[in-house]
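The file protein-v9.txt comes next; it holds compact mmCIF, C-alpha atoms.
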```txt
# COMPACT_ATOMS: atom_id res chain seq x y z
CA MET H 259 125.77 7.53 56.19
CA THR H 260 127.79 7.92 53.02
CA VAL H 261 127.66 5.88 49.83
CA ASP H 262 130.00 5.43 46.91
CA TYR H 263 127.90 6.71 44.03
CA ILE H 264 129.20 5.33 40.71
CA GLY H 265 132.70 6.59 41.12
CA LYS H 266 132.15 9.58 43.42
CA HIS H 267 131.84 9.99 47.21
CA VAL H 268 128.33 11.31 47.93
CA GLU H 269 126.95 12.60 51.23
CA PRO H 270 123.29 12.11 52.20
CA ALA H 271 122.53 15.74 51.45
CA GLN H 272 123.87 15.28 47.96
CA GLU H 273 121.83 12.12 47.43
CA ALA H 274 118.71 14.24 47.58
CA LEU H 275 119.96 16.14 44.58
CA ILE H 276 120.33 13.12 42.31
CA SER H 277 117.05 13.76 40.53
CA SER H 278 117.37 17.52 40.71
CA GLU H 279 118.20 19.58 37.65
CA SER H 280 120.09 22.09 39.78
CA ALA H 281 122.75 19.71 41.05
CA PRO H 282 125.86 21.83 41.64
CA ALA H 283 128.30 19.15 40.52
CA SER H 284 128.27 16.18 38.22
CA LEU H 285 127.23 12.93 39.89
CA ILE H 286 129.00 10.81 37.29
CA SER H 287 132.78 10.55 37.30
CA ARG H 288 134.83 10.68 34.12
CA ASN H 289 135.83 7.03 34.49
CA VAL H 290 132.23 5.91 34.83
CA ALA H 291 131.27 8.06 31.83
CA LEU H 292 133.92 6.13 29.89
CA LEU H 293 132.39 2.85 31.12
CA PHE H 294 129.01 4.04 29.87
CA ALA H 295 130.66 4.82 26.52
CA ILE H 296 132.23 1.35 26.28
CA ALA H 297 128.92 -0.32 27.16
CA CYS H 298 127.12 1.76 24.54
CA GLY H 299 129.73 0.95 21.92
CA LEU H 300 129.53 -2.78 22.62
CA ALA H 301 125.73 -2.80 22.49
CA VAL H 302 125.34 -0.74 19.33
CA ALA H 303 128.09 -2.69 17.53
CA ASN H 304 125.78 -5.70 17.58
CA ILE H 305 123.57 -4.15 14.93
CA TYR H 306 126.46 -3.15 12.66
CA TYR H 307 128.52 -6.33 12.57
CA ALA H 308 126.60 -7.52 9.52
CA GLN H 309 127.66 -4.63 7.28
CA PRO H 310 131.15 -5.94 6.34
CA LEU H 311 129.76 -9.49 6.37
CA LEU H 312 127.02 -9.00 3.78
CA ASP H 313 128.87 -10.91 1.08
CA ALA H 314 129.62 -13.85 3.42
CA ILE H 315 126.01 -13.96 4.62
CA SER H 316 124.81 -13.66 1.02
CA ASN H 317 126.93 -16.62 -0.06
CA GLU H 318 125.96 -18.88 2.84
CA PHE H 319 122.20 -18.32 2.68
CA GLY H 320 121.86 -17.70 -1.06
CA ILE H 321 120.66 -14.09 -0.76
CA THR H 322 121.35 -11.91 -3.82
CA HIS H 323 123.53 -8.79 -3.50
CA SER H 324 120.58 -6.59 -4.46
CA SER H 325 118.55 -8.00 -1.55
CA VAL H 326 121.14 -8.68 1.14
CA GLY H 327 120.78 -5.13 2.47
CA ILE H 328 117.51 -6.36 4.00
CA VAL H 329 119.61 -7.85 6.82
CA ILE H 330 120.63 -4.34 7.89
CA THR H 331 117.17 -2.96 7.24
CA ILE H 332 115.50 -5.54 9.50
CA THR H 333 117.95 -4.69 12.25
CA GLN H 334 117.34 -0.95 11.94
CA VAL H 335 113.55 -1.27 11.72
CA CYS H 336 113.52 -3.38 14.88
CA TYR H 337 115.90 -0.90 16.50
CA ALA H 338 113.30 1.78 15.76
CA LEU H 339 110.61 -0.39 17.35
CA GLY H 340 112.82 -0.81 20.41
CA LEU H 341 113.24 2.95 20.63
CA LEU H 342 109.47 3.34 20.60
CA LEU H 343 108.57 0.43 22.91
CA LEU H 344 111.54 0.00 25.29
CA VAL H 345 113.50 3.24 25.72
CA PRO H 346 110.56 5.26 27.18
CA LEU H 347 110.46 2.71 30.02
CA GLY H 348 113.52 4.52 31.40
CA ASP H 349 111.13 7.25 32.62
CA LEU H 350 109.03 4.66 34.49
CA LEU H 351 111.28 1.82 35.67
CA ASN H 352 114.52 1.41 37.60
CA ARG H 353 117.17 1.97 34.94
CA ARG H 354 119.66 -0.34 36.63
CA TRP H 355 117.40 -3.37 36.21
CA LEU H 356 116.19 -2.24 32.80
CA ILE H 357 119.71 -1.90 31.39
CA ALA H 358 121.05 -5.17 32.81
CA GLY H 359 117.92 -7.07 31.79
CA GLN H 360 118.02 -5.91 28.18
CA MET H 361 121.68 -6.83 27.86
CA LEU H 362 121.10 -10.34 29.24
CA VAL H 363 118.32 -10.99 26.72
CA SER H 364 120.62 -9.61 24.01
CA VAL H 365 123.06 -12.41 24.85
CA LEU H 366 120.40 -14.98 23.88
CA ALA H 367 119.59 -13.13 20.63
CA LEU H 368 123.27 -13.04 19.64
CA ILE H 369 123.58 -16.78 20.22
CA VAL H 370 120.57 -17.34 17.94
CA VAL H 371 122.23 -15.36 15.15
CA GLY H 372 125.57 -17.09 15.62
CA THR H 373 123.99 -20.55 15.34
CA ALA H 374 121.24 -19.81 12.78
CA PRO H 375 120.70 -22.84 10.47
CA THR H 376 118.48 -20.97 7.99
CA SER H 377 117.97 -17.44 6.73
CA MET H 378 114.61 -17.25 8.54
CA VAL H 379 116.20 -18.01 11.93
CA LEU H 380 118.93 -15.49 11.07
CA PHE H 381 116.31 -12.80 10.40
CA ILE H 382 114.51 -13.56 13.68
CA GLY H 383 117.74 -13.37 15.65
CA ILE H 384 118.86 -10.18 13.89
CA ALA H 385 115.47 -8.61 14.61
CA ALA H 386 115.83 -9.38 18.34
CA VAL H 387 119.39 -8.01 18.37
CA GLY H 388 118.16 -4.74 16.84
CA LEU H 389 115.22 -4.47 19.25
CA LEU H 390 117.41 -4.88 22.34
CA ALA H 391 120.35 -2.76 21.21
CA VAL H 392 118.38 0.33 22.25
CA VAL H 393 119.87 -0.13 25.72
CA THR H 394 122.46 2.35 24.43
CA GLN H 395 119.89 5.13 24.47
CA THR H 396 118.77 4.30 27.99
CA LEU H 397 122.42 4.68 29.01
CA VAL H 398 122.70 8.05 27.21
CA ALA H 399 119.59 9.40 28.95
CA PHE H 400 120.86 8.11 32.31
CA ALA H 401 124.25 9.77 31.82
CA ALA H 402 122.58 13.07 30.93
CA THR H 403 120.50 12.89 34.11
CA LEU H 404 123.54 12.26 36.31
CA ALA H 405 125.63 15.05 34.76
CA ALA H 406 125.59 18.62 36.04
CA PRO H 407 123.85 21.05 33.64
CA ALA H 408 127.12 22.83 32.81
CA GLU H 409 128.79 19.52 31.93
CA ARG H 410 125.88 17.73 30.24
CA GLY H 411 127.08 18.37 26.71
CA ARG H 412 130.56 17.06 27.51
CA THR H 413 129.18 13.94 29.20
CA VAL H 414 126.77 13.25 26.35
CA GLY H 415 129.66 13.78 23.95
CA VAL H 416 131.80 11.17 25.72
CA VAL H 417 129.02 8.58 25.89
CA THR H 418 127.81 9.23 22.34
CA SER H 419 131.38 8.98 21.06
CA GLY H 420 131.38 5.46 22.45
CA ILE H 421 128.35 4.70 20.31
CA VAL H 422 129.87 6.03 17.09
CA ILE H 423 133.22 4.36 17.78
CA GLY H 424 131.38 1.13 18.50
CA ILE H 425 129.62 1.39 15.14
CA LEU H 426 132.92 1.94 13.36
CA LEU H 427 135.03 -0.63 15.21
CA ALA H 428 132.27 -3.18 14.66
CA ARG H 429 133.47 -3.41 11.08
CA THR H 430 137.10 -4.00 12.09
CA PHE H 431 136.14 -6.50 14.79
CA ALA H 432 133.79 -8.37 12.44
CA GLY H 433 136.29 -8.40 9.59
CA VAL H 434 139.15 -9.83 11.65
CA LEU H 435 137.05 -12.51 13.36
CA THR H 436 135.42 -13.54 10.08
CA ASP H 437 138.79 -14.10 8.43
CA LEU H 438 139.97 -16.08 11.47
CA ALA H 439 136.92 -18.16 12.36
CA GLY H 440 134.00 -17.35 10.06
CA TRP H 441 131.20 -14.79 10.34
CA ARG H 442 129.28 -16.74 13.02
CA SER H 443 132.13 -16.29 15.50
CA VAL H 444 131.49 -12.53 15.48
CA TYR H 445 128.11 -12.94 17.16
CA LEU H 446 129.18 -15.67 19.55
CA VAL H 447 132.16 -13.66 20.82
CA SER H 448 129.91 -10.62 21.17
CA ALA H 449 127.49 -12.70 23.26
CA VAL H 450 130.28 -13.44 25.74
CA LEU H 451 131.38 -9.77 25.88
CA THR H 452 127.79 -8.59 26.33
CA LEU H 453 127.29 -11.00 29.22
CA ILE H 454 130.41 -9.68 30.95
CA MET H 455 129.34 -6.06 30.45
CA ALA H 456 125.83 -6.76 31.79
CA CYS H 457 127.35 -8.08 35.01
CA VAL H 458 129.72 -5.10 35.33
CA LEU H 459 126.96 -2.56 34.76
CA PHE H 460 124.64 -4.23 37.25
CA ARG H 461 127.39 -3.85 39.83
CA VAL H 462 128.32 -0.25 38.93
CA LEU H 463 124.97 1.40 38.17
CA PRO H 464 123.47 3.21 41.16
CA HIS H 465 120.78 1.88 43.51
CA TYR H 466 118.49 4.85 43.43
CA GLU H 467 114.84 5.56 42.86
CA GLN H 468 114.34 8.33 40.32
CA LYS H 469 111.32 10.57 40.18
CA ARG H 470 108.97 8.65 37.91
CA GLU H 471 106.08 9.73 35.75
CA SER H 472 102.62 8.73 37.02
CA LEU H 473 101.61 7.42 33.61
CA SER H 474 100.49 4.08 32.30
CA TYR H 475 102.61 2.41 29.61
CA LEU H 476 100.17 3.44 26.85
CA GLN H 477 100.07 7.01 28.16
CA LEU H 478 103.86 7.02 28.20
CA LEU H 479 103.99 6.01 24.53
CA HIS H 480 101.33 8.57 23.61
CA SER H 481 103.33 11.29 25.34
CA LEU H 482 106.02 10.84 22.67
CA LEU H 483 103.63 12.43 20.17
CA THR H 484 102.91 15.21 22.64
CA LEU H 485 106.61 15.97 22.97
CA PHE H 486 106.97 16.27 19.21
CA ALA H 487 103.94 18.55 19.04
CA GLN H 488 105.26 20.81 21.80
CA GLU H 489 109.02 20.93 21.17
CA ARG H 490 110.14 22.51 17.89
CA ILE H 491 113.82 21.86 18.63
CA LEU H 492 113.04 18.14 18.92
CA ARG H 493 111.31 18.16 15.52
CA ILE H 494 114.15 20.02 13.80
CA ARG H 495 116.92 17.95 15.33
CA ALA H 496 115.09 14.69 14.63
CA ALA H 497 114.77 15.64 10.96
CA LEU H 498 118.50 16.39 10.83
CA ALA H 499 119.20 13.00 12.44
CA LEU H 500 117.16 11.26 9.77
CA MET H 501 119.16 12.88 6.97
CA ILE H 502 122.67 12.59 8.39
CA PHE H 503 122.21 8.93 9.29
CA THR H 504 120.70 8.20 5.90
CA ALA H 505 123.94 9.53 4.42
CA PHE H 506 126.02 7.65 7.00
CA SER H 507 124.28 4.37 6.21
CA ILE H 508 124.40 4.91 2.45
CA PHE H 509 128.18 4.95 2.72
CA TRP H 510 128.92 2.28 5.31
CA THR H 511 126.38 -0.32 4.14
CA SER H 512 127.55 -0.37 0.54
CA LEU H 513 131.31 0.18 1.10
CA VAL H 514 131.96 -3.56 1.38
CA LEU H 515 130.69 -4.14 -2.17
CA PRO H 516 133.31 -2.19 -4.19
CA LEU H 517 136.11 -3.08 -1.76
CA SER H 518 135.44 -6.82 -1.94
CA ALA H 519 134.96 -6.88 -5.73
CA PRO H 520 137.73 -6.81 -8.39
CA PRO H 521 140.05 -5.03 -8.93
CA LEU H 522 140.46 -4.28 -5.18
CA SER H 523 139.25 -7.67 -3.82
CA LEU H 524 140.16 -6.78 -0.22
CA SER H 525 139.82 -9.26 2.66
CA HIS H 526 137.26 -8.82 5.44
CA THR H 527 140.06 -7.73 7.76
CA ALA H 528 141.21 -5.03 5.34
CA ILE H 529 137.67 -3.82 4.74
CA GLY H 530 136.94 -3.69 8.46
CA ALA H 531 140.14 -1.72 9.06
CA PHE H 532 138.62 1.29 7.33
CA GLY H 533 136.46 1.69 10.42
CA LEU H 534 139.62 2.82 12.22
CA ALA H 535 139.73 5.90 9.98
CA GLY H 536 136.21 6.73 11.07
CA VAL H 537 137.22 6.49 14.73
CA ALA H 538 139.65 9.38 14.19
CA GLY H 539 136.79 11.53 12.96
CA ALA H 540 134.49 10.47 15.79
CA LEU H 541 137.10 11.27 18.44
CA ALA H 542 137.74 14.67 16.88
CA ALA H 543 134.02 15.43 17.06
CA ALA H 544 133.74 14.62 20.77
CA ARG H 545 134.32 18.32 21.51
CA ALA H 546 130.98 19.11 19.89
CA GLY H 547 129.26 18.56 23.23
CA ARG H 548 131.48 21.16 24.90
CA LEU H 549 130.71 23.62 22.12
CA ALA H 550 127.00 23.00 22.70
CA ASP H 551 127.51 23.73 26.43
CA ARG H 552 128.94 27.11 25.34
CA GLY H 553 125.92 27.90 23.15
CA LEU H 554 127.66 27.20 19.83
CA GLY H 555 125.47 24.30 18.74
CA GLN H 556 124.07 25.95 15.62
CA ARG H 557 127.47 27.03 14.34
CA THR H 558 128.89 23.56 14.96
CA THR H 559 125.98 22.02 13.06
CA GLY H 560 126.48 24.25 10.02
CA VAL H 561 130.23 23.60 9.74
CA ALA H 562 129.72 19.85 10.20
CA LEU H 563 127.05 19.65 7.49
CA ILE H 564 129.33 21.44 5.03
CA LEU H 565 132.07 18.90 5.79
CA LEU H 566 129.57 16.07 5.30
CA LEU H 567 128.75 17.31 1.81
CA ILE H 568 132.43 17.79 0.92
CA SER H 569 133.32 14.27 2.14
CA TRP H 570 131.58 12.64 -0.82
CA LEU H 571 134.14 14.05 -3.27
CA PRO H 572 137.14 12.03 -1.97
CA ILE H 573 134.84 9.08 -1.27
CA SER H 574 133.88 8.99 -4.96
CA TYR H 575 137.54 8.17 -5.79
CA THR H 576 137.46 4.95 -3.70
CA GLN H 577 138.15 2.64 -6.64
CA HIS H 578 141.15 4.73 -7.70
CA SER H 579 142.67 5.81 -4.37
CA LEU H 580 142.28 4.23 -0.96
CA LEU H 581 143.97 7.30 0.56
CA ALA H 582 141.14 9.45 -0.80
CA LEU H 583 138.69 7.01 0.78
CA VAL H 584 140.39 7.40 4.17
CA VAL H 585 140.18 11.21 3.93
CA GLY H 586 136.51 10.96 3.03
CA ILE H 587 135.79 8.59 5.93
CA VAL H 588 137.41 10.93 8.46
CA LEU H 589 135.40 13.90 7.16
CA LEU H 590 132.12 11.98 7.00
CA ASP H 591 132.36 10.52 10.50
CA LEU H 592 133.60 13.78 12.00
CA ALA H 593 130.59 15.56 10.51
CA VAL H 594 127.97 12.99 11.48
CA GLN H 595 129.26 12.65 15.04
CA ALA H 596 129.47 16.41 15.56
CA VAL H 597 125.86 16.94 14.44
CA HIS H 598 124.63 13.94 16.44
CA VAL H 599 126.29 15.05 19.71
CA THR H 600 125.02 18.60 19.20
CA ASN H 601 121.50 17.32 18.53
CA GLN H 602 121.39 15.26 21.71
CA SER H 603 122.97 17.99 23.83
CA MET H 604 120.24 20.39 22.70
CA ILE H 605 117.21 18.14 23.10
CA LEU H 606 118.20 16.67 26.47
CA THR H 607 117.93 20.12 28.06
CA LEU H 608 114.24 20.42 27.16
CA ARG H 609 112.37 18.19 29.65
CA PRO H 610 114.46 16.71 32.50
CA GLU H 611 111.61 14.39 33.52
CA ALA H 612 111.24 13.00 29.99
CA ARG H 613 114.82 12.39 28.88
CA SER H 614 114.25 8.76 27.95
CA ARG H 615 111.28 9.72 25.77
CA LEU H 616 113.13 12.63 24.19
CA THR H 617 115.99 10.29 23.36
CA ALA H 618 113.60 7.66 22.01
CA GLY H 619 111.73 10.12 19.80
CA TYR H 620 114.92 11.59 18.39
CA MET H 621 116.56 8.21 17.80
CA ILE H 622 113.53 6.80 15.98
CA PHE H 623 114.38 9.21 13.17
CA TYR H 624 118.02 8.12 13.35
CA SER H 625 116.92 4.53 12.87
CA ILE H 626 114.57 5.35 10.01
CA GLY H 627 117.42 7.15 8.28
CA SER H 628 119.80 4.23 8.81
CA ALA H 629 117.29 1.71 7.45
CA THR H 630 116.48 3.89 4.44
CA GLY H 631 120.15 4.41 3.62
CA SER H 632 120.94 0.69 3.92
CA ILE H 633 118.31 -0.55 1.50
CA ALA H 634 118.73 2.36 -0.91
CA SER H 635 122.52 2.11 -1.17
CA THR H 636 122.71 -1.60 -2.03
CA SER H 637 119.94 -1.19 -4.60
CA ILE H 638 121.58 1.86 -6.19
CA TYR H 639 124.94 0.06 -6.30
CA VAL H 640 123.48 -2.77 -8.40
CA TYR H 641 122.18 -0.34 -11.04
CA SER H 642 124.59 2.63 -10.92
CA GLY H 643 127.72 1.37 -9.19
CA TRP H 644 129.80 3.30 -6.66
CA ASN H 645 129.33 6.64 -8.45
CA GLY H 646 125.57 6.28 -8.04
CA VAL H 647 125.99 5.60 -4.33
CA CYS H 648 128.17 8.70 -3.90
CA LEU H 649 125.74 10.88 -5.83
CA LEU H 650 122.87 9.67 -3.63
CA GLY H 651 124.89 10.38 -0.48
CA ALA H 652 125.80 13.87 -1.70
CA ILE H 653 122.17 14.68 -2.49
CA VAL H 654 121.01 13.62 0.97
CA SER H 655 123.85 15.63 2.57
CA ALA H 656 122.94 18.72 0.53
CA LEU H 657 119.31 18.40 1.64
CA ALA H 658 120.44 18.27 5.27
CA LEU H 659 122.51 21.42 4.84
CA LEU H 660 119.63 23.22 3.11
CA PHE H 661 117.25 22.20 5.89
CA TRP H 662 119.62 23.56 8.52
CA VAL H 663 119.93 26.88 6.65
CA LEU H 664 116.14 27.22 6.55
CA THR H 665 115.58 26.34 10.23
CA ARG H 666 118.69 27.61 12.03
CA ARG H 667 117.00 30.74 13.39
CA LEU H 668 113.92 28.93 14.67
CA LYS H 669 113.70 28.39 18.42
```

Could you show the structure in this file as structure tokens?
Amino acid sequence: MTVDYIGKHVEPAQEALISSESAPASLISRNVALLFAIACGLAVANIYYAQPLLDAISNEFGITHSSVGIVITITQVCYALGLLLLVPLGDLLNRRWLIAGQMLVSVLALIVVGTAPTSMVLFIGIAAVGLLAVVTQTLVAFAATLAAPAERGRTVGVVTSGIVIGILLARTFAGVLTDLAGWRSVYLVSAVLTLIMACVLFRVLPHYEQKRESLSYLQLLHSLLTLFAQERILRIRAALALMIFTAFSIFWTSLVLPLSAPPLSLSHTAIGAFGLAGVAGALAAARAGRLADRGLGQRTTGVALILLLISWLPISYTQHSLLALVVGIVLLDLAVQAVHVTNQSMILTLRPEARSRLTAGYMIFYSIGSATGSIASTSIYVYSGWNGVCLLGAIVSALALLFWVLTRRLK
């Protein structure tokens, strides 16, 4: 008996290889990898919609500019909790049900945010959105499992590109909808799109029973610490993730403040459009996974971190030249995406049976970096303006480059 396995014709003999690391060919088609990427982008965008809306949210709920960054911080902290508490379940439970279930509950959380009458209800809804957005990482780990070893970096690159593009387009999407129908419409429209995607994924994801760990839930969570203790590459790449996403969040969280203030006074649509420049960088970095497949991960990381540091120079001219800002955005997002794809390509080869936990452990540091950058950037902007924000971003980027230099020869 044959089955149609997420976009590819699979014979019974091949089905036995689904959970095997030595599968001779990829069990995920390119079209389905793109669907994974779109689903990831849609899910992760939910936690970034607020960034270009901070001033609108601040005005409606009476939150000061120096404190409004807490909206992003709550989301990222809860995202980190989701990484710790939900993503490891991918090594225990049927991923098809886990993915669809999380997305359906996300629909309810988005509706809460879109109809929040008070700041407290808003914070509760935003927290739930952040917690459940970790479905993206379950999808990444699933895609890595289905890909052939020789193509894993490329597949991870495609799916991860969807995440970064989702983060960037979230700003454009949120800006346009806010100008048309107010900031609440962003979350209500996203609820509808998330519901549609949950139904599509439930239909497309495979009906298969993976090899599961014989661990209790508490043992599963404890094993995250064991993985960090045993895998040096995981520790190094997680530290790099913390620093690059601190820099990423420093820039994107605070960008709305100088662009919306005089003399620029740009609309939400115009501010969100700058996310399109970041998409160009993210797409260019999609090849990083292929370079990792060829054993060039360290070289790719070094070049990308140098570009990340350089990007802050044109970014610092934002208030004088929007063209310089666009150049800086392309460089920054190219660099961050290239390092991120390389990081994931390297760690997902370590323990095939623990890919969800490896992803969770790595992404916890990503989330910590994002939360730190969000709260730090808005605070620095109040006291030192845009130049202070750029200096902070450059310092964090320089630390990341120095860390890579000191650890690049460690295995």

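Closest to Gln556 in chain H among H:Ser625, H:Thr665, H:Ser655, H:Ser316 is H:Thr665, based on all atoms listed in the file.
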
Measuring between all atoms listed in the file, which one of H:Ile626, H:Phe319, H:Ala291, H:Thr576 shows the shortest distance to Leu380 in chain H?
H:Phe319

How would you write as a PDB file with C-alpha atoms, in the coordinates of the input the residues that get within 12 Å of (138.6, 13.1, -4.7) in the file's frame, counting only C-alpha atoms?
```pdb
ATOM      1  CA  ILE H 568     132.430  17.790   0.920  1.00  0.00           C
ATOM      2  CA  SER H 569     133.320  14.270   2.140  1.00  0.00           C
ATOM      3  CA  TRP H 570     131.580  12.640  -0.820  1.00  0.00           C
ATOM      4  CA  LEU H 571     134.140  14.050  -3.270  1.00  0.00           C
ATOM      5  CA  PRO H 572     137.140  12.030  -1.970  1.00  0.00           C
ATOM      6  CA  ILE H 573     134.840   9.080  -1.270  1.00  0.00           C
ATOM      7  CA  SER H 574     133.880   8.990  -4.960  1.00  0.00           C
ATOM      8  CA  TYR H 575     137.540   8.170  -5.790  1.00  0.00           C
ATOM      9  CA  THR H 576     137.460   4.950  -3.700  1.00  0.00           C
ATOM     10  CA  GLN H 577     138.150   2.640  -6.640  1.00  0.00           C
ATOM     11  CA  HIS H 578     141.150   4.730  -7.700  1.00  0.00           C
ATOM     12  CA  SER H 579     142.670   5.810  -4.370  1.00  0.00           C
ATOM     13  CA  LEU H 580     142.280   4.230  -0.960  1.00  0.00           C
ATOM     14  CA  LEU H 581     143.970   7.300   0.560  1.00  0.00           C
ATOM     15  CA  ALA H 582     141.140   9.450  -0.800  1.00  0.00           C
ATOM     16  CA  LEU H 583     138.690   7.010   0.780  1.00  0.00           C
ATOM     17  CA  VAL H 584     140.390   7.400   4.170  1.00  0.00           C
ATOM     18  CA  VAL H 585     140.180  11.210   3.930  1.00  0.00           C
ATOM     19  CA  GLY H 586     136.510  10.960   3.030  1.00  0.00           C
ATOM     20  CA  ILE H 587     135.790   8.590   5.930  1.00  0.00           C
ATOM     21  CA  ASN H 645     129.330   6.640  -8.450  1.00  0.00           C
ATOM     22  CA  CYS H 648     128.170   8.700  -3.900  1.00  0.00           C
TER      23      CYS H 648
END
```

I'd like the contact shell of range 614-618 of chain H - 10 Å cut-off, only C-alpha atoms, skipping same-chain residues fewer than 5 positions apart - returned as number ranges by chain.
H: 338-350, 392, 395-400, 402-403, 478-479, 481-483, 485-486, 489, 492, 496, 602, 605-609, 623-624

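Across the structure, CA of Gly555 in chain H and CA of Ala487 in chain H are spaced 22.3 Å apart.
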